[in-house]
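Asker: Submitted below is the structure of interest, expressed as structure tokens.
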Amino acid sequence: MPRKVLLTQILACLLAAWIIGPCPAHGAVLETRGLVVSDATGTMPDEVLQGLAEDAQHMLDRVLAFWNPDSGVDPGAQRFGKIRVVFDAPHRRAYSCVFYWGRVGGERVRFVRVFGFQGGVQMLAHKLTSAVFPQQDKLIRNMMGILAETQLGNPQTFPRCGFDSDEWVAALQELQTFAPLATLGAEHESWGMRDEGNGRLVVFDRATQHRSYAEAGSFGSYLFRRYGIDKVKQFNWLAQGKERPAREVFGASLEELEAGWLEELAAGRRQREAKVLLLRRLLKEDPVLACRAAQRLAQSAQAGAANSN
């Protein structure tokens, strides 16, 4: 191979690694109806990647059907190309997923990077929703994403971590660490995070991150139950050009909606008593590790229930 061609290929590989991680092995890129799926580890057997690609396409189909059960939702391929799903190793031994914008051949495209895939991916419904409904406001983006994950995805997924977002919020209230929704800004900083570009999000305050995501998930579920899915989608669409147009969509301000949400949580407090007390203890012991501790407890309870059957 001529030296110039080889150098060109090496540079292309380095550029791809900057955008989506290490270059996939030969043949480790697959296309489905709506996705371009690749292996960032470079070690995945073809049949494993094939199975993951099929699962990811199935999840995309379910996400689209959830957001519009009558006729589906436009996944945006005509405007942005297919969504690129990149499977990678767990990040710091944790399973997660991130949506971000990258560039391929000079074109702006959507990436969903999955960290950890053995034994069930986490946050895929969440981040595919973010890719289908691009939204600058982090509160609205996560409200919708966590709602989809709750309805369709893995119950072990952050921020639920094996429990329910309502239970986490009730525990936060009892510990007096709940933060009003108005403090959750459109950007990453108020969520305890920092964006370093190309899907690299740094968490500098994990307790704030978990609290913020749990509140967004619980509030999004409340809006879904109270007002329906069409209103949630309308809120997202109108927010593209307006700052959180709550009154225009729901007939109430964000503060009034928050009051209704918290009132509903208080009314159902007795039914979730035991789990709230458990989560309150975990948060009090170590808010940074509370999610992982909850995941372990939920997994143990699930295994025990399976063994008893």
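By convention here, the chains of the structure tokens are called A, B, ... in the order presented, each chain's residues are numbered starting at 1, and ligands are numbered starting at 1 in the order presented.
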Could you tell me, as a PyMOL selection string, which residues of range 68-290 of chain A DSSP assigns to helix (DSSP H, G or I) when given the backbone?
Answerer: chain A and resi 77-80+124-132+138-152+165-174+181-183+189-191+206-227+229-238+246-250+254-267+270-285+290
Asker: Can you list, as a PyMOL selection string, every protein, DNA or RNA residue that comes within 10 Å of range 167-173 of chain A when you count only C-alpha atoms, leaving out same-chain residues fewer than 4 positions away?
Answerer: chain A and resi 159-161+163+177-179+210-219+262+265-266+268-269+272-284+291
Asker: Which is closest to Asp205 in chain A among A:Pro287, A:Pro180, A:Gly76, A:Gly153, if we use only C-alpha atoms?
Answerer: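 Among the listed residues, the smallest separation from Asp205 in chain A belongs to A:Pro287.
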Asker: Hey, which of A:Val36, A:Met193, A:Ala28, A:Ile229 ends up closest to Leu147 in chain A? Count only C-alpha atoms.
Answerer: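 Using only C-alpha atoms, the shortest distance to Leu147 in chain A belongs to A:Ile229.
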Asker: Find the spatial neighbours of Ala125 in chain A, counting only C-alpha atoms, within a cut-off of 10 Å - ignore same-chain residues fewer than 5 positions away - and output them as a PyMOL selection string.
Answerer: chain A and resi 56+59-60+62-64+97+130-131+144-154
Asker: Rank nothing, just name the residue among A:Gly81, A:Gly106, A:Gly116, A:Gly220 nearest to Ala94 in chain A, using only C-alpha atoms.
Answerer: A:Gly116
Asker: Taking only range 100-217 of chain A into account, list the residues labelled strand (DSSP E) by DSSP (computed from the backbone), as a list in words.
Answerer: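 Selection result, strand (DSSP E) within range 100-217 of chain A: Tyr100, Trp101, Gly102, Arg103, Val104, Glu107, Arg108, Val109, Arg110, Phe111, Val112, Arg113, Val114, Phe115, Met193, Arg194, Asp195, Leu201, Val202 and Val203 of chain A.
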Asker: For each of A:Ile140, A:Leu184, A:Val249, A:Ala303, take the minimum atom-to-atom distance to Ser221 in chain A, counting only C-alpha atoms, then give the residue where this is smallest.
Answerer: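 Ranking A:Ile140, A:Leu184, A:Val249, A:Ala303 by distance to Ser221 in chain A, first place goes to A:Ile140.
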Asker: CA of Ile83 in chain A to CA of Glu54 in chain A: how many Å, to one decimal?
Answerer: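 Computing it gives 13.9 Å between the two atoms.
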Asker: Out of A:Arg200, A:Ala301, A:Gln295, A:Arg79, which residue has the shortest atom-to-atom distance to Gly162 in chain A when counting only C-alpha atoms?
Answerer: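 Looking at the shortest contact to Gly162 in chain A, the residue is A:Gln295.
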Asker: Could you give me, as a PDB file with N, CA, C and O atoms, in the first residue's frame, the residues within 9 Å of Phe235 in chain A, counting only C-alpha atoms and dropping anything in the same chain fewer than 3 positions from it?
Answerer:
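Wrote it out as out-v1.pdb, contents follow:
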ATOM      1  N   ILE A 140     -36.364  19.439  29.383  1.00  0.00           N
ATOM      2  CA  ILE A 140     -37.365  18.858  28.488  1.00  0.00           C
ATOM      3  C   ILE A 140     -36.816  17.605  27.818  1.00  0.00           C
ATOM      4  O   ILE A 140     -37.516  16.589  27.688  1.00  0.00           O
ATOM      5  N   ASP A 230     -49.535  13.770  23.659  1.00  0.00           N
ATOM      6  CA  ASP A 230     -49.538  14.833  22.652  1.00  0.00           C
ATOM      7  C   ASP A 230     -49.117  16.167  23.250  1.00  0.00           C
ATOM      8  O   ASP A 230     -48.415  16.955  22.606  1.00  0.00           O
ATOM      9  N   LYS A 231     -49.532  16.442  24.479  1.00  0.00           N
ATOM     10  CA  LYS A 231     -49.146  17.685  25.140  1.00  0.00           C
ATOM     11  C   LYS A 231     -47.648  17.700  25.457  1.00  0.00           C
ATOM     12  O   LYS A 231     -46.991  18.744  25.337  1.00  0.00           O
ATOM     13  N   VAL A 232     -47.120  16.552  25.842  1.00  0.00           N
ATOM     14  CA  VAL A 232     -45.680  16.476  26.107  1.00  0.00           C
ATOM     15  C   VAL A 232     -44.902  16.760  24.828  1.00  0.00           C
ATOM     16  O   VAL A 232     -43.917  17.513  24.826  1.00  0.00           O
ATOM     17  N   LEU A 238     -42.744  23.382  20.818  1.00  0.00           N
ATOM     18  CA  LEU A 238     -42.815  24.822  21.014  1.00  0.00           C
ATOM     19  C   LEU A 238     -41.590  25.359  21.737  1.00  0.00           C
ATOM     20  O   LEU A 238     -41.217  26.520  21.556  1.00  0.00           O
ATOM     21  N   ALA A 239     -40.951  24.527  22.540  1.00  0.00           N
ATOM     22  CA  ALA A 239     -39.761  24.964  23.266  1.00  0.00           C
ATOM     23  C   ALA A 239     -38.559  25.155  22.351  1.00  0.00           C
ATOM     24  O   ALA A 239     -37.535  25.690  22.791  1.00  0.00           O
ATOM     25  N   GLN A 240     -38.667  24.730  21.091  1.00  0.00           N
ATOM     26  CA  GLN A 240     -37.563  24.967  20.152  1.00  0.00           C
ATOM     27  C   GLN A 240     -37.364  26.463  19.916  1.00  0.00           C
ATOM     28  O   GLN A 240     -36.247  26.903  19.628  1.00  0.00           O
ATOM     29  N   ARG A 244     -39.475  27.260  27.628  1.00  0.00           N
ATOM     30  CA  ARG A 244     -40.390  26.449  28.437  1.00  0.00           C
ATOM     31  C   ARG A 244     -41.822  27.013  28.455  1.00  0.00           C
ATOM     32  O   ARG A 244     -42.295  27.513  29.483  1.00  0.00           O
ATOM     33  N   PRO A 245     -42.514  26.905  27.318  1.00  0.00           N
ATOM     34  CA  PRO A 245     -43.855  27.499  27.190  1.00  0.00           C
ATOM     35  C   PRO A 245     -44.928  26.681  27.914  1.00  0.00           C
ATOM     36  O   PRO A 245     -45.862  26.154  27.304  1.00  0.00           O
ATOM     37  N   ALA A 246     -44.800  26.561  29.231  1.00  0.00           N
ATOM     38  CA  ALA A 246     -45.687  25.701  30.008  1.00  0.00           C
ATOM     39  C   ALA A 246     -47.131  26.175  29.958  1.00  0.00           C
ATOM     40  O   ALA A 246     -48.060  25.382  29.730  1.00  0.00           O
ATOM     41  N   GLU A 248     -48.665  28.040  27.772  1.00  0.00           N
ATOM     42  CA  GLU A 248     -49.220  27.924  26.427  1.00  0.00           C
ATOM     43  C   GLU A 248     -49.664  26.495  26.127  1.00  0.00           C
ATOM     44  O   GLU A 248     -50.665  26.274  25.440  1.00  0.00           O
ATOM     45  N   VAL A 249     -48.953  25.518  26.643  1.00  0.00           N
ATOM     46  CA  VAL A 249     -49.252  24.118  26.354  1.00  0.00           C
ATOM     47  C   VAL A 249     -50.194  23.507  27.393  1.00  0.00           C
ATOM     48  O   VAL A 249     -51.188  22.861  27.044  1.00  0.00           O
ATOM     49  N   PHE A 250     -49.893  23.722  28.672  1.00  0.00           N
ATOM     50  CA  PHE A 250     -50.621  23.037  29.738  1.00  0.00           C
ATOM     51  C   PHE A 250     -51.639  23.924  30.449  1.00  0.00           C
ATOM     52  O   PHE A 250     -52.386  23.441  31.312  1.00  0.00           O
TER      53      PHE A 250
END
Asker: Find the spatial neighbours of Val203 in chain A, counting only C-alpha atoms, within a cut-off of 10 Å - ignore same-chain residues fewer than 4 positions away - and output them as number ranges by chain.
Answerer: A: 188-189, 191-195, 207-209
Asker: So how far away is CA of Arg103 in chain A from CA of Thr129 in chain A, in Å?
Answerer: 19.7 Å
Asker: Which of these residues is nearest to Gly197 in chain A, using only C-alpha atoms: A:Leu35, A:Val29, A:Asp70, A:Tyr100?
Answerer: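 Looking at the shortest contact to Gly197 in chain A, the residue is A:Tyr100.
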Asker: For Ser96 in chain A, list every protein, DNA or RNA residue within 12 Å, evaluated using only C-alpha atoms, and leave out those in the same chain fewer than 4 positions away; present the list as a list in words.
Answerer: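 Within the cut-off, the hits are Phe87, Asp88, Ala89, Pro90, His91, Arg92, Val112, Arg113, Val114, Phe115, Gly116, Phe117, Gly120, Val121, Gln122, Met123, Leu124, Ala125, His126, Lys127, Asn154, Gln156, Thr157, Phe158, Pro159, Cys161 and Leu201 of chain A.
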Asker: Report the distance between CA of Ala186 in chain A and CA of Leu254 in chain A in Å, rounded to one decimal place.
Answerer: 14.0 Å
